[in-house]
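Data from entry.cif: mmCIF, C-alpha atoms
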```cif
data_target
loop_
_atom_site.label_atom_id
_atom_site.label_comp_id
_atom_site.auth_asym_id
_atom_site.auth_seq_id
_atom_site.Cartn_x
_atom_site.Cartn_y
_atom_site.Cartn_z
CA MET A 1 83.53 41.03 126.81
CA ASP A 2 86.48 43.34 127.10
CA LEU A 3 87.08 46.61 125.34
CA SER A 4 90.54 48.09 125.29
CA VAL A 5 91.45 51.42 123.79
CA ASN A 6 94.96 51.18 122.43
CA GLY A 7 97.40 53.28 120.52
CA PRO A 8 98.91 51.96 117.31
CA LYS A 9 100.34 48.47 117.39
CA VAL A 10 104.12 48.31 117.57
CA TYR A 11 105.80 46.25 114.88
CA LEU A 12 109.48 46.98 115.45
CA ARG A 13 111.05 47.98 118.72
CA PHE A 14 114.59 49.10 119.48
CA THR A 15 114.82 47.45 122.85
CA ALA A 16 117.78 49.45 124.07
CA LEU A 17 116.22 52.79 123.06
CA PHE A 18 112.83 51.71 124.39
CA GLU A 19 114.29 50.97 127.78
CA LYS A 20 115.91 54.38 127.87
CA PHE A 21 113.31 56.64 126.22
CA GLY A 22 110.09 54.64 126.12
CA ASN A 23 107.61 55.19 123.32
CA ILE A 24 109.15 58.47 122.15
CA LEU A 25 112.17 56.87 120.49
CA GLY A 26 111.73 53.15 121.07
CA ASN A 27 109.27 52.15 118.36
CA PRO A 28 110.43 53.00 114.83
CA ILE A 29 107.75 51.01 113.05
CA THR A 30 104.14 50.98 114.17
CA GLN A 31 100.73 50.57 112.57
CA THR A 32 100.77 54.30 111.82
CA THR A 33 103.99 54.00 109.81
CA ILE A 34 102.38 51.37 107.62
CA SER A 35 99.24 53.51 107.21
CA ILE A 36 101.26 56.56 106.19
CA LEU A 37 103.14 54.51 103.64
CA ALA A 38 99.91 53.09 102.30
CA VAL A 39 98.40 56.58 102.02
CA THR A 40 101.47 57.86 100.22
CA LEU A 41 101.44 55.05 97.70
CA LEU A 42 97.69 55.26 97.23
CA LEU A 43 97.77 58.99 96.61
CA ILE A 44 100.66 58.74 94.18
CA ILE A 45 98.85 56.00 92.26
CA ILE A 46 95.61 58.00 92.20
CA ALA A 47 97.45 61.11 91.04
CA LYS A 48 99.20 59.13 88.35
CA LEU A 49 95.88 57.66 87.15
CA THR A 50 94.20 61.06 87.23
CA THR A 51 96.78 62.80 85.09
CA ARG A 52 97.57 59.85 82.84
CA ARG A 53 95.77 61.24 79.83
CA LEU A 54 95.13 64.92 80.19
CA THR A 55 93.43 66.45 77.18
CA LYS A 56 92.13 69.85 76.21
CA ARG A 57 88.72 68.28 75.81
CA PRO A 58 88.38 66.56 79.15
CA GLY A 59 86.61 63.32 79.88
CA ARG A 60 84.23 62.95 82.79
CA PHE A 61 86.97 61.95 85.18
CA GLN A 62 89.24 64.82 84.19
CA VAL A 63 86.38 67.29 84.58
CA ILE A 64 85.90 66.18 88.18
CA ALA A 65 89.64 66.36 88.88
CA GLU A 66 89.83 69.84 87.33
CA LYS A 67 86.80 70.95 89.29
CA LEU A 68 88.47 69.85 92.52
CA VAL A 69 91.73 71.56 91.62
CA ASN A 70 89.80 74.71 90.73
CA MET A 71 88.00 74.56 94.06
CA LEU A 72 91.35 74.18 95.82
CA TYR A 73 92.87 77.17 94.05
CA GLY A 74 89.69 79.17 94.63
CA LEU A 75 89.73 78.36 98.33
CA VAL A 76 93.41 79.27 98.64
CA GLU A 77 92.79 82.52 96.78
CA ASP A 78 89.84 83.38 98.99
CA THR A 79 91.64 82.64 102.24
CA MET A 80 95.22 83.65 101.51
CA GLY A 81 94.92 86.06 98.62
CA LYS A 82 95.99 85.88 95.00
CA HIS A 83 99.65 86.47 95.83
CA ASN A 84 99.75 83.27 97.89
CA LEU A 85 98.54 80.87 95.23
CA ARG A 86 101.92 79.13 95.32
CA PHE A 87 100.81 77.48 98.57
CA ALA A 88 97.90 75.74 96.87
CA PRO A 89 99.79 72.51 96.07
CA TYR A 90 100.90 72.19 99.70
CA ILE A 91 97.40 72.86 101.02
CA GLY A 92 95.99 70.34 98.57
CA THR A 93 98.57 67.77 99.60
CA LEU A 94 97.82 68.40 103.23
CA PHE A 95 94.09 68.05 102.70
CA LEU A 96 94.37 64.89 100.62
CA THR A 97 96.87 63.30 103.00
CA SER A 98 94.73 64.16 105.98
CA ILE A 99 91.48 62.83 104.60
CA PHE A 100 93.07 59.67 103.21
CA SER A 101 94.93 59.08 106.47
CA THR A 102 91.63 59.25 108.29
CA LEU A 103 89.57 57.22 105.87
CA ILE A 104 92.15 54.46 105.46
CA GLY A 105 91.07 53.33 108.94
CA MET A 106 87.69 52.35 107.48
CA THR A 107 89.35 49.58 105.49
CA GLN A 108 90.03 47.78 108.81
CA LEU A 109 93.35 46.70 107.26
CA PHE A 110 95.04 49.85 108.50
CA ARG A 111 94.69 52.07 111.50
CA SER A 112 93.83 55.71 110.74
CA ALA A 113 97.15 57.52 110.65
CA THR A 114 95.49 60.63 112.03
CA ALA A 115 94.40 58.66 115.09
CA ASP A 116 98.04 58.93 116.13
CA LEU A 117 98.98 62.21 117.79
CA SER A 118 102.51 62.04 116.33
CA VAL A 119 101.21 62.46 112.81
CA THR A 120 98.90 65.40 113.40
CA LEU A 121 101.52 67.02 115.60
CA ALA A 122 104.11 66.62 112.84
CA TRP A 123 101.79 68.35 110.38
CA ALA A 124 100.94 71.12 112.84
CA ILE A 125 104.64 71.71 113.43
CA VAL A 126 105.14 72.05 109.69
CA THR A 127 102.41 74.69 109.67
CA ILE A 128 103.85 76.70 112.56
CA ILE A 129 107.35 76.50 111.10
CA MET A 130 106.01 77.82 107.81
CA VAL A 131 104.36 80.66 109.70
CA TRP A 132 107.54 81.51 111.57
CA TYR A 133 109.70 81.19 108.48
CA HIS A 134 107.55 83.53 106.43
CA ASN A 135 107.13 86.00 109.28
CA ILE A 136 110.90 86.22 109.71
CA LYS A 137 111.52 86.32 105.98
CA ASN A 138 108.95 89.04 105.34
CA PHE A 139 109.33 91.25 108.39
CA GLY A 140 112.73 90.35 109.83
CA PHE A 141 113.73 88.39 112.91
CA GLY A 142 113.63 91.40 115.24
CA THR A 143 110.15 92.44 114.21
CA TRP A 144 108.94 88.88 114.65
CA LEU A 145 110.38 88.66 118.17
CA LYS A 146 109.04 92.11 118.99
CA GLY A 147 105.62 90.94 117.87
CA PHE A 148 105.43 88.83 121.03
CA THR A 149 105.54 91.94 123.23
CA GLU A 150 102.55 93.52 121.57
CA PRO A 151 100.23 95.15 122.37
CA ILE A 152 101.99 95.54 125.75
CA VAL A 153 105.04 93.89 127.24
CA VAL A 154 103.03 92.19 129.98
CA MET A 155 101.33 90.10 127.31
CA THR A 156 104.61 88.41 126.31
CA PRO A 157 104.14 85.13 128.23
CA MET A 158 100.59 84.87 127.01
CA ASN A 159 101.68 85.47 123.44
CA ILE A 160 104.33 82.79 123.69
CA VAL A 161 101.84 80.34 125.14
CA SER A 162 99.34 81.11 122.40
CA GLU A 163 102.06 80.67 119.78
CA ILE A 164 102.85 77.23 121.14
CA ALA A 165 99.20 76.43 121.69
CA THR A 166 98.47 77.01 118.00
CA PRO A 167 100.13 73.85 116.67
CA VAL A 168 99.25 71.86 119.77
CA SER A 169 95.56 72.70 119.50
CA MET A 170 95.59 71.95 115.77
CA ALA A 171 97.22 68.59 116.39
CA PHE A 172 94.93 67.64 119.26
CA ARG A 173 91.81 68.75 117.45
CA HIS A 174 92.50 66.56 114.47
CA PHE A 175 93.81 63.64 116.49
CA GLY A 176 91.00 63.85 119.03
CA ASN A 177 88.26 63.84 116.44
CA VAL A 178 89.56 60.84 114.57
CA ALA A 179 90.70 58.86 117.61
CA GLY A 180 87.54 59.75 119.48
CA GLY A 181 85.50 58.59 116.51
CA SER A 182 87.29 55.25 116.47
CA VAL A 183 86.81 54.84 120.22
CA LEU A 184 83.14 55.62 119.85
CA THR A 185 82.85 53.13 117.02
CA ALA A 186 84.53 50.47 119.13
CA LEU A 187 82.21 51.26 122.04
CA ILE A 188 79.15 51.05 119.84
CA TYR A 189 80.30 47.75 118.36
CA SER A 190 80.79 46.17 121.77
CA ALA A 191 77.53 47.63 123.04
CA LEU A 192 75.65 46.24 120.07
CA SER A 193 77.31 42.90 120.52
CA ALA A 194 76.26 42.84 124.18
CA LEU A 195 72.76 43.89 123.17
CA SER A 196 72.38 41.11 120.63
CA TYR A 197 73.52 38.46 123.11
CA ALA A 198 71.22 39.87 125.75
CA VAL A 199 68.24 39.80 123.41
CA PHE A 200 68.90 36.23 122.26
CA SER A 201 69.89 34.84 125.68
CA TRP A 202 66.77 32.68 125.76
CA LEU A 203 68.15 30.53 122.95
CA PRO A 204 69.99 27.33 123.80
CA ASP A 205 73.73 27.72 124.36
CA THR A 206 74.64 25.63 121.32
CA ILE A 207 72.89 28.09 119.03
CA ILE A 208 74.25 31.18 120.77
CA ALA A 209 77.78 29.89 120.21
CA PHE A 210 77.21 30.18 116.44
CA LEU A 211 75.02 33.29 116.55
CA PRO A 212 76.69 36.42 115.15
CA PRO A 213 76.10 39.71 116.98
CA VAL A 214 73.25 40.57 114.63
CA PHE A 215 72.72 44.17 115.80
CA GLN A 216 76.21 45.03 114.63
CA ALA A 217 74.90 44.91 111.08
CA GLY A 218 73.78 48.25 109.71
CA ILE A 219 73.72 50.52 112.71
CA PRO A 220 77.49 51.20 112.91
CA ALA A 221 77.54 51.97 109.21
CA VAL A 222 75.16 54.89 109.70
CA LEU A 223 77.21 56.22 112.60
CA SER A 224 80.38 55.70 110.61
CA ILE A 225 79.12 58.10 107.98
CA TYR A 226 79.28 60.79 110.61
CA PHE A 227 82.25 59.73 112.71
CA ASP A 228 84.54 58.68 109.89
CA LEU A 229 83.43 60.23 106.63
CA PHE A 230 81.99 63.56 107.76
CA SER A 231 84.32 64.10 110.68
CA GLY A 232 87.33 63.06 108.60
CA PHE A 233 86.37 65.50 105.88
CA VAL A 234 85.67 68.32 108.30
CA GLN A 235 88.91 67.79 110.19
CA ALA A 236 90.94 67.72 106.98
CA LEU A 237 89.22 70.92 105.89
CA VAL A 238 89.72 72.58 109.28
CA PHE A 239 93.38 71.63 109.40
CA SER A 240 93.97 72.93 105.87
CA LEU A 241 91.96 76.09 106.53
CA LEU A 242 93.86 76.86 109.72
CA THR A 243 97.13 76.31 107.90
CA MET A 244 95.96 78.66 105.17
CA VAL A 245 94.87 81.33 107.64
CA TYR A 246 98.06 81.20 109.72
CA VAL A 247 100.46 81.06 106.77
CA GLY A 248 98.39 83.62 104.87
CA GLY A 249 98.67 85.93 107.89
CA ALA A 250 102.44 85.64 107.69
CA CYS A 251 102.42 86.37 103.95
CA PRO A 252 100.50 89.62 103.39
CA PRO A 253 100.48 91.30 99.96
CA VAL A 254 103.80 92.72 98.78
CA GLU A 255 102.67 96.32 99.32
CA GLU A 256 102.01 95.69 103.01
CA ILE A 257 105.40 94.06 103.50
CA GLU A 258 107.09 96.99 101.80
CA ALA A 259 105.10 99.48 103.87
CA ALA A 260 106.13 97.69 107.07
CA ARG A 261 109.77 97.68 105.97
CA ALA A 262 109.64 101.37 105.08
CA GLU A 263 108.14 102.16 108.47
CA LYS A 264 110.88 100.19 110.17
CA ALA A 265 113.58 101.96 108.19
CA ALA A 266 112.04 105.35 108.99
CA LYS A 267 112.02 104.54 112.71
CA LYS A 268 115.65 103.48 112.57
CA GLN A 269 116.55 106.69 110.78
CA ALA A 270 114.71 108.77 113.36
CA LYS A 271 116.56 107.00 116.17
CA LYS A 272 119.87 107.61 114.47
CA ASN A 273 119.10 111.28 114.06
CA LYS A 274 118.14 111.53 117.71
CA THR A 275 121.39 109.97 118.90
CA LYS A 276 123.33 112.27 116.62
CA ALA A 277 121.58 115.30 117.99
CA MET B 1 115.91 45.39 118.44
CA GLU B 2 113.03 42.99 118.19
CA TRP B 3 110.15 42.33 115.85
CA LEU B 4 106.81 42.51 117.60
CA ALA B 5 104.50 41.90 114.65
CA PHE B 6 102.53 39.11 116.25
CA GLN B 7 102.78 40.25 119.83
CA GLU B 8 100.10 42.49 121.16
CA LYS B 9 102.23 45.46 122.08
CA PHE B 10 100.65 48.89 121.73
CA GLU B 11 101.80 52.42 122.08
CA SER B 12 99.96 54.65 124.46
CA PHE B 13 96.72 56.04 123.04
CA VAL B 14 97.84 59.64 123.38
CA GLY B 15 101.56 59.82 122.89
CA VAL B 16 104.31 61.17 120.72
CA ASN B 17 106.64 58.96 118.73
CA LEU B 18 109.47 60.82 117.08
CA TRP B 19 109.95 58.06 114.53
CA THR B 20 106.34 58.36 113.46
CA MET B 21 106.71 62.12 113.25
CA LEU B 22 109.77 61.69 111.10
CA PHE B 23 107.84 59.33 108.85
CA ALA B 24 104.98 61.77 108.70
CA TRP B 25 107.30 64.59 107.67
CA VAL B 26 109.15 62.55 105.08
CA ASN B 27 105.94 61.26 103.58
CA LEU B 28 104.33 64.69 103.59
CA LEU B 29 107.36 66.11 101.82
CA ILE B 30 107.42 63.31 99.25
CA LEU B 31 103.69 63.60 98.68
CA TYR B 32 103.96 67.37 98.35
CA LEU B 33 106.73 67.14 95.77
CA VAL B 34 105.17 64.28 93.83
CA LEU B 35 101.58 65.54 93.88
CA LYS B 36 102.72 69.03 92.93
CA LYS B 37 104.61 67.63 89.98
CA ILE B 38 102.17 65.02 88.72
CA LEU B 39 98.79 66.24 89.95
CA PHE B 40 98.41 69.92 90.74
CA LYS B 41 100.78 71.48 88.20
CA PRO B 42 99.57 69.50 85.16
CA LEU B 43 95.90 69.97 86.01
CA LYS B 44 96.35 73.67 86.75
CA ASN B 45 98.36 74.13 83.56
CA MET B 46 95.67 72.33 81.60
CA ILE B 47 92.95 74.50 83.11
CA ASP B 48 94.92 77.68 82.51
CA SER B 49 95.86 76.81 78.94
CA ARG B 50 92.25 75.93 78.16
CA GLN B 51 91.12 79.16 79.75
CA LYS B 52 93.63 81.01 77.62
CA GLU B 53 92.50 79.20 74.52
CA VAL B 54 88.88 80.02 75.20
CA ASP B 55 89.78 83.65 75.89
CA ASP B 56 91.75 83.78 72.65
CA MET B 57 88.84 82.26 70.78
CA TYR B 58 86.46 84.83 72.17
CA GLU B 59 88.90 87.59 71.36
CA ASN B 60 89.32 86.33 67.81
CA ALA B 61 85.59 85.98 67.39
CA LYS B 62 85.15 89.50 68.68
CA ALA B 63 87.77 90.80 66.26
CA ALA B 64 86.17 88.92 63.39
CA GLU B 65 82.77 90.30 64.33
CA ASP B 66 84.18 93.81 64.52
CA SER B 67 85.81 93.56 61.12
CA ALA B 68 82.65 92.02 59.68
CA ASN B 69 80.65 94.89 61.11
CA GLU B 70 83.09 97.34 59.65
CA LEU B 71 82.86 95.67 56.26
CA LYS B 72 79.11 95.69 56.47
CA LYS B 73 79.13 99.35 57.31
CA ALA B 74 81.45 100.08 54.39
CA TYR B 75 79.26 98.08 52.05
CA GLU B 76 76.14 99.81 53.25
CA GLU B 77 77.81 103.15 52.70
CA LYS B 78 78.87 102.08 49.25
CA ILE B 79 75.40 100.86 48.39
CA GLU B 80 73.89 104.07 49.67
CA LYS B 81 76.32 106.07 47.58
CA ALA B 82 75.55 103.96 44.53
CA GLU B 83 71.86 104.46 45.07
CA GLU B 84 72.36 108.18 45.35
CA GLU B 85 74.44 108.19 42.22
CA SER B 86 71.94 106.19 40.26
CA GLU B 87 69.21 108.47 41.42
CA SER B 88 71.13 111.54 40.37
CA ILE B 89 71.95 109.94 37.03
CA LEU B 90 68.32 109.11 36.54
CA LYS B 91 67.32 112.59 37.51
CA SER B 92 69.77 114.25 35.15
CA ALA B 93 68.75 111.86 32.37
CA MET B 94 65.15 112.73 32.95
CA ARG B 95 65.93 116.38 32.95
CA LYS B 96 67.88 115.99 29.75
CA ALA B 97 65.08 114.03 28.21
CA GLN B 98 62.62 116.65 29.23
CA LEU B 99 64.77 119.38 27.78
CA ARG B 100 65.14 117.40 24.62
CA GLU B 101 61.42 116.82 24.48
CA GLU B 102 60.75 120.48 24.89
CA GLU B 103 63.31 121.27 22.26
CA ILE B 104 61.83 118.78 19.87
CA LEU B 105 58.36 120.10 20.51
CA LYS B 106 59.54 123.62 20.01
CA GLU B 107 61.33 122.71 16.86
CA ALA B 108 58.29 120.88 15.57
CA ASP B 109 56.16 123.80 16.51
CA GLU B 110 58.46 126.17 14.77
CA LYS B 111 58.62 123.98 11.72
CA ALA B 112 54.89 123.66 11.65
CA SER B 113 54.36 127.36 12.05
CA ARG B 114 56.99 128.05 9.42
CA THR B 115 55.37 125.65 7.04
CA LEU B 116 52.01 127.15 7.80
CA LYS B 117 53.35 130.63 7.18
CA ARG B 118 54.90 129.65 3.91
CA ALA B 119 51.71 127.96 2.89
CA GLU B 120 49.79 131.06 3.82
CA GLU B 121 52.23 133.18 1.89
CA GLU B 122 51.92 130.93 -1.10
CA ILE B 123 48.23 130.99 -0.82
CA GLU B 124 48.33 134.75 -0.61
CA LEU B 125 50.66 134.89 -3.58
CA GLU B 126 48.48 132.52 -5.50
CA LYS B 127 45.46 134.53 -4.57
CA ARG B 128 47.06 137.72 -5.67
CA ARG B 129 48.19 136.22 -8.88
CA ALA B 130 44.73 134.84 -9.47
CA ILE B 131 43.28 138.21 -8.65
CA ASN B 132 45.70 139.90 -10.99
CA GLU B 133 44.85 137.42 -13.69
CA VAL B 134 41.20 137.94 -13.08
CA LYS B 135 41.86 141.68 -13.09
CA ASP B 136 43.63 141.48 -16.44
CA GLU B 137 40.95 139.30 -17.91
CA VAL B 138 38.24 141.50 -16.50
CA SER B 139 39.94 144.58 -17.82
CA GLU B 140 40.29 142.92 -21.20
CA ILE B 141 36.69 141.90 -21.06
CA ALA B 142 35.75 145.35 -19.95
CA ILE B 143 37.73 146.91 -22.70
CA SER B 144 36.23 144.61 -25.27
CA ILE B 145 32.80 145.24 -23.85
CA ALA B 146 33.43 148.93 -23.67
CA SER B 147 34.83 149.02 -27.22
CA ALA B 148 31.85 147.10 -28.30
CA VAL B 149 29.66 149.58 -26.48
CA ILE B 150 31.30 152.69 -27.70
CA GLU B 151 32.35 151.00 -30.84
CA ARG B 152 35.63 152.23 -30.88
CA ASP B 153 38.93 151.08 -29.69
CA VAL B 154 39.66 151.78 -26.16
CA SER B 155 43.27 152.20 -25.53
CA ALA B 156 44.30 150.23 -22.53
CA LYS B 157 46.99 152.70 -21.88
CA GLU B 158 44.81 155.73 -21.97
CA HIS B 159 42.00 154.39 -20.00
CA SER B 160 43.83 152.28 -17.55
CA ALA B 161 43.00 154.62 -14.69
CA MET B 162 39.37 154.37 -15.40
CA ILE B 163 39.55 150.61 -15.77
CA ASP B 164 41.42 150.15 -12.61
CA ASP B 165 38.90 152.14 -10.80
CA PHE B 166 36.23 150.00 -12.22
CA ILE B 167 37.96 146.77 -11.26
CA LYS B 168 38.61 148.04 -7.84
CA ASN B 169 35.00 148.78 -7.35
CA MET B 170 34.13 145.42 -8.73
CA GLY B 171 36.85 143.10 -7.44
CA ASP B 172 37.30 144.46 -3.94
CA GLY B 173 33.68 144.14 -3.41
CA LYS B 174 34.36 140.36 -2.89
#
```
Turn the structure described in the file into structure tokens.
Amino acid sequence: MDLSVNGPKVYLRFTALFEKFGNILGNPITQTTISILAVTLLLIIIAKLTTRRLTKRPGRFQVIAEKLVNMLYGLVEDTMGKHNLRFAPYIGTLFLTSIFSTLIGMTQLFRSATADLSVTLAWAIVTIIMVWYHNIKNFGFGTWLKGFTEPIVVMTPMNIVSEIATPVSMAFRHFGNVAGGSVLTALIYSALSALSYAVFSWLPDTIIAFLPPVFQAGIPAVLSIYFDLFSGFVQALVFSLLTMVYVGGACPPVEEIEAARAEKAAKKQAKKNKTKA
Amino acid sequence: MEWLAFQEKFESFVGVNLWTMLFAWVNLLILYLVLKKILFKPLKNMIDSRQKEVDDMYENAKAAEDSANELKKAYEEKIEKAEEESESILKSAMRKAQLREEEILKEADEKASRTLKRAEEEIELEKRRAINEVKDEVSEIAISIASAVIERDVSAKEHSAMIDDFIKNMGDGK
């Protein structure tokens, strides 16, 4: 009995690049690539089916879809404010992609895409870039840079670290939960297999050769509800919520942005007057 | 470049693959654009338009109710006015009728009293005439009796004063 914990299987390898850069650039197509593609296609098909026949008097299916969309918009409004409702489609996409990427691992045909750090890191980088972009757009590049020296200059390194730690922690949290869940599931499977052979060791060898690991039936399913379904849902929600909170923080209401700009302009004017005097 | 589909080659469990990241980005972008266009926007639009429709309906219903209430109020006012009018008409008619009744009664009364008066007058006249007749007859009788008594002709002219006196004493005695 051997249990190995592996990353995604590699399907295509650029040998020359692999020799030079290793895993970072050497493997263009892996199990994760296939999973992401599958998730994309699946989601597009589901979306197409959902909105195939939209009517003013909705059917049961449309009611559910509308309820979910309403919940999404409500959540975005609660977390980011009414002025940031334009982010709702992205948040919804992120949530759906995340949860489907996790749950697609339960099919056993694909590996969970979120059990690959590259994927969650890519999403987290999108989030932090959105935060930076909106901070710079709303408050100006100088103000954004100056924000790192607050409240006091000594804090600058810490602020930079925390800024980098934000996407890294998001990525590792999501990845760790899903990958950890799959490792635990694998461990439980092998443990149950060992248990069933230990319990039935008194049988003759000819029967044991055909005996399935009977304890594997049932028990992993219950655990899977937590480690795959619940954890996948929670991680998708956490990732989306964190994205909402960070991006929402960078996009305050228009009045606040204008107030900040006015303050900045007033300071500049005061400085100018001082130098003149 | 080599295909490794059936060889057991794995990436490290915790590692970064830039190709995978690229795929993740591209797919996230595609999904964002596609889902926004075919899932979120249509559903949200549907929800909003239905919401608007329902709001409009409620507004219209409210307006209709208001106008109905207004109409009702106007009708009630009208009915009240009509009732008042009819009452006043009735009242004035009754008053008129009463006046007329009184008038008629008065007229009848007057007529009756007039008739009565005339009758009384006639009776009086008749009575007087009868009395006069009786007086004449009596005086004639008296004269004839007296002439018989005194055996001579009594001149009515000469003795009228005496006769009258006699009649008076006789007739007014009733």
> Do you have the CA of Pro157 in chain A-CA of Asn135 in chain A distance handy?
Replying inline: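 Distance between the two atoms: 19.2 Å.
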> Applied to the shown file, which residues does the PyMOL selection byres ((chain B) within 12 of (chain A)) return, written as JSON, numbers by chain?
Replying inline: {"B": [1, 2, 3, 4, 5, 6, 7, 8, 9, 10, 11, 12, 13, 14, 15, 16, 17, 18, 19, 20, 21, 22, 23, 24, 25, 26, 27, 28, 29, 30, 31, 32, 33, 34, 35, 36, 37, 38, 39, 40, 41, 42, 43, 44, 45, 46, 47, 48, 49, 50, 51, 52, 53, 54]}
>> With only C-alpha atoms as the counted atoms, please give the residues lying no more than 7 Å from range 245-251 of chain A, apart from itself and same-chain residues fewer than 6 positions off, as a ChimeraX atom specification.
In response: /A:79-80,130-131,134-135
>> For a test of reading the model, state the distance in Å between CA of Asp164 in chain B and CA of Ala146 in chain B, rounded to one decimal.
In response: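 According to the coordinates, CA of Asp164 in chain B and CA of Ala146 in chain B are separated by 13.7 Å.
Between CA of Ile164 in chain A and CA of Val254 in chain A the separation is 27.2 Å.
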Run the PyMOL selection byres ((chain A and resi 192-195) around 10) on the file and write out the hits as a JSON list (two decimals) with C-alpha atoms, in the coordinates of the input.
```json
[["chain", "number", "residue", "atom", "x", "y", "z"],
["A", 1, "MET", "CA", 83.53, 41.03, 126.81],
["A", 186, "ALA", "CA", 84.53, 50.47, 119.13],
["A", 187, "LEU", "CA", 82.21, 51.26, 122.04],
["A", 188, "ILE", "CA", 79.15, 51.05, 119.84],
["A", 189, "TYR", "CA", 80.30, 47.75, 118.36],
["A", 190, "SER", "CA", 80.79, 46.17, 121.77],
["A", 191, "ALA", "CA", 77.53, 47.63, 123.04],
["A", 196, "SER", "CA", 72.38, 41.11, 120.63],
["A", 197, "TYR", "CA", 73.52, 38.46, 123.11],
["A", 198, "ALA", "CA", 71.22, 39.87, 125.75],
["A", 199, "VAL", "CA", 68.24, 39.80, 123.41],
["A", 200, "PHE", "CA", 68.90, 36.23, 122.26],
["A", 201, "SER", "CA", 69.89, 34.84, 125.68],
["A", 212, "PRO", "CA", 76.69, 36.42, 115.15],
["A", 213, "PRO", "CA", 76.10, 39.71, 116.98],
["A", 214, "VAL", "CA", 73.25, 40.57, 114.63],
["A", 215, "PHE", "CA", 72.72, 44.17, 115.80],
["A", 216, "GLN", "CA", 76.21, 45.03, 114.63],
["A", 217, "ALA", "CA", 74.90, 44.91, 111.08],
["A", 219, "ILE", "CA", 73.72, 50.52, 112.71],
["A", 220, "PRO", "CA", 77.49, 51.20, 112.91]]
```
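Listed by chain and then by number, the residues chosen by the PyMOL selection byres ((chain B and resi 142) around 12) in this file are Val134, Lys135, Asp136, Glu137, Val138, Ser139, Glu140, Ile141, Ile143, Ser144, Ile145, Ala146, Ser147, Ala148, Val149, Ile150, Asp153, Val154, Ser155, Ala156, His159, Ser160, Met162, Ile163, Asp164, Asp165, Phe166, Ile167 and Met170 of chain B.
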